[in-house]
Amino acid sequence: MPYPRITPTLLVLALSAAFPVPAALAQEAPAADAKKDVNQLQAVIVTGSRRAENLKDVPQSISAIKSEELDVYNASGQDIRALAGKVPSLNIESDYGRTFPRFYVRGLGNTDFDMNASQPVGLVYDDVVQESIALKGFPVFDMEQVELLRGPQGTLFGRNSPAGVMKFDSAKPTKRLEGYANLGFGRWNAMNLEAAVNAPVNSELSLRVAGLVQRQDDRVHNPLAATGSATADLEGYNDKAIRVQALYKTSGFEGLFKVQARDYKGTATTFRANIIKQGTNELVDGYNDSYYPTDGYNSQTLKSSEVSARLRWDFDGVSLYSITAHDQAKFYSRGDVDGGFGPNNGVSGPDYGSQKANIPFDSQTADGIPYLRQTTQEFRLQSNTGDPLQWIAGLYYFNEKLQVDSFNYDSFSAGDPQNGYAVQHQEAKSWAGFGNIKYAVTPELKVTAGLRYTHDQKDFDAARTQTPFGGANVGPLTANPKASNWSWDLGANYALDKATSLFARVATGYRAPSIQGRVLFGDTISIGNAEKVLSVEAGFKADLLDNTARISGTVFKYRVKDMQLTAGSGSVNQNRLVNAAKAEGQGFEIDAQAIIARDWRTTLGLSYNDTEIKDPNLFVRACGAPCTVLNPLVAGFPASDKIVSINGNPLPRAPKLVWNWTLKYSTELAGGELTVLTDWAYKDKYDMFLYKAVEYTAKSALEGGLRVGYGWANGKYEVAAYGRNITDHRQVVAAIDFNNLTGIVNEPRSYGVQFKASF
């Protein structure tokens, strides 16, 4: 007997149609799918379980972003941060601009800005883990799909993924001669070019070459640069990346070989002094986006490369996989962290209106990674039959070596000479054995189970050989933390009928010990002990109304023990790692898409993440800058030290409510197709730091985009105009809390045109 339709899902779809929203990114590609069949949504195939499966059959919360949606952001020059909020429970930010992205899933992330910082969200690019911050921001272009795997991924992906995994899969070589070029021009002389060519060499070998060039002129001017003692213009960039792949395939063997590289030159994030109106979280009166008086220099460069080989041998009933990769990178970033000028002879600034600047000390620093090498190897044996029992078994090895340099500069001497230097060295090794089974108890009920053993070890040293403003040097200081962990997960998926499935999952995750050795301004190092998370989630996935609508919903709850957090040091440019006894989170996610009518499509993503730090014995030092602290001061410490309890606070950079919505209209016009797409994303307010302060609470934000395009010749050509942040919403999104109300603002409105040609 057929099962009735689920009324709540229809209600959500009705709401999504009534309130146009941006998750077109979530699970289906509007433009391409519309041409395949304008009457139905296409099935979503994901590979987060290391198997190609229909999304409805996977017992965990996953969202997929197709390549067509990514084209919208690349054409407008946006980087990987553009994916923030485009699917439920995902946030991405950076204090370094277009490099060093930090990922947050369900509120779990890490605000650490040091060069060897670890994150609880794993990033896997073409089956290769990208551990270092110098690798995580590799441009997203010529992609097949991006998947967000929420919750602990402690078995198949292993270490440092207790919050989830971002999985990027580039387009692979095929047997067709084809290619495209997508060229865009925008505000501030922005130019964005993405191109790819796919060529079969013979019946066994195919090649694919893809590249990306993104550049923009400086849009911020420094009026103090006339003296020649500071960088004159900022916020420009020149970002280039290339990927070359070769696919060799014979009977029983497949080899995919890849070389990719990135070369980035630009400026670091502009930290703007005195732009937060004291006692509020508003921009100060008189703020001017293009006005940035600073007495420091600013530059940023990044070069990275990877070579990898993904091999597969097919035997009777089983396949053997080998994934080998070697990555390397060099990174350098210098900026005026105090965000203004002075104090020189008692004068500092800039001033805005009635709010005088009071920069207590200058802070012009640089950090770099002159040496990074990462080698990974995975062997995986996997069943390839159609039997009810499917299994995976594998071994994994990770080795990373890096050096971190930190510099300080004297802003008040001619040429801003270096007056401080510290160095860190770290070698991280990890190995793991893992297994996973999936068993079809009945055609409707499938259960999965996974287990992984991981061992991590780090060898670390740090020393300060040139102390800013004189004084004793430090080090070398050493640390050798190690940890082992068993991670596991259990899941079940039950098909109510052909269109609807229910799922439940219990999983654990683990993050290896971390080290903070920023000794340029401190005499000690700190170690974050290994953290462990237990998560429970349950939900449903349904295709509705004859495959013209789709919805999924998940409720979840997790608990993190010994959670690694990053605490500032008040009036000093310094971080330290601390472990909270426990942190908890709970919430829900809704992901929906619908064909409203033949020419109209909409998507809706909604997530609610309620997080809380639970440790009555964990105290941190609040802001050194003048700010309004909301947490109670801890008795027994001088009030001037601003020592506060953070017990009960939410996790930093973790907005509770996030939603996204898209509405797309497509119609035939003059032998071609006219397309209008609008997308909107809302992010709730959040705390920028572990403690609460009025000035350092980011406001809620709603940003929208609009794109109007016309395609002809069966989709071979398209011209379009676009706008991002079309309302030009401006606010402080991050801050430096040890100096004078220094903030980082969101990206201003941008607009432009693009042309795409395919063959």
# chains A, B, ... in the order shown; residues from 1 in each chain; ligands from 1
>>> select_by_dssp(residues="range 76-200 of chain A", states="strand (DSSP E or B)", output="tab-separated table (two decimals) with C-alpha atoms, in the first residue's frame")
chain	number	residue	atom	x	y	z
A	90	LEU	CA	28.43	26.06	7.22
A	91	ASN	CA	30.48	29.17	8.00
A	92	ILE	CA	33.84	30.17	6.50
A	93	GLU	CA	35.90	33.23	7.45
A	102	ARG	CA	38.72	28.85	8.74
A	103	PHE	CA	35.76	26.48	8.53
A	104	TYR	CA	32.91	26.03	11.02
A	105	VAL	CA	30.25	23.31	10.90
A	108	LEU	CA	32.48	23.93	15.69
A	121	VAL	CA	36.71	20.64	9.99
A	122	GLY	CA	38.67	18.50	7.58
A	123	LEU	CA	39.23	19.63	3.99
A	124	VAL	CA	39.66	16.91	1.38
A	125	TYR	CA	40.55	18.03	-2.15
A	128	VAL	CA	43.76	14.29	-0.46
A	129	VAL	CA	43.63	15.85	3.01
A	143	MET	CA	34.69	21.50	-10.12
A	144	GLU	CA	32.42	18.52	-10.45
A	145	GLN	CA	30.91	18.90	-6.99
A	146	VAL	CA	31.52	20.14	-3.45
A	147	GLU	CA	30.08	18.14	-0.56
A	148	LEU	CA	29.64	19.10	3.07
A	149	LEU	CA	29.65	16.05	5.36
A	150	ARG	CA	28.32	17.26	8.69
A	164	GLY	CA	32.80	17.39	9.57
A	165	VAL	CA	34.50	17.39	6.19
A	166	MET	CA	34.45	19.71	3.21
A	167	LYS	CA	35.00	17.49	0.18
A	168	PHE	CA	36.01	19.07	-3.13
A	169	ASP	CA	35.99	17.00	-6.34
A	170	SER	CA	37.34	18.55	-9.50
A	178	GLU	CA	35.37	19.61	-24.98
A	179	GLY	CA	36.17	22.74	-23.05
A	180	TYR	CA	35.04	26.17	-21.99
A	181	ALA	CA	36.23	29.65	-21.13
A	182	ASN	CA	34.44	31.88	-18.63
A	183	LEU	CA	35.61	35.50	-18.65
A	184	GLY	CA	34.35	38.20	-16.31
A	185	PHE	CA	35.07	41.90	-15.76
A	186	GLY	CA	33.94	43.81	-12.71
A	190	ALA	CA	38.45	43.01	-11.62
A	191	MET	CA	39.14	40.30	-14.17
A	192	ASN	CA	38.22	36.66	-13.67
A	193	LEU	CA	39.07	33.97	-16.17
A	194	GLU	CA	38.34	30.27	-15.74
A	195	ALA	CA	39.03	27.86	-18.59
A	196	ALA	CA	39.35	24.14	-19.18
A	197	VAL	CA	40.15	21.83	-22.10
A	198	ASN	CA	39.46	18.10	-22.11
A	199	ALA	CA	41.13	15.98	-24.78
A	200	PRO	CA	41.14	12.20	-25.33
>>> closest_residue(among="A:Thr566, A:Gln426, A:Asn739, A:Ser758", to="Gly109 in chain A", atoms="only C-alpha atoms")
A:Thr566
>>> residues_around(residues="range 252-263 of chain A", least_positions_apart="5", cutoff="7 Å", atoms="only C-alpha atoms", output="JSON, numbers by chain")
{"A": [239, 240, 241, 242, 243, 244, 245, 246, 247, 302, 303, 304, 305, 306, 307, 308, 309, 310, 311, 312, 313, 314, 315]}
>>> atom_distance(atom1="CA of Phe271 in chain A", atom2="CA of Arg106 in chain A")
27.5 Å
>>> atom_distance(atom1="CA of Ser406 in chain A", atom2="CA of Gln328 in chain A")
19.4 Å
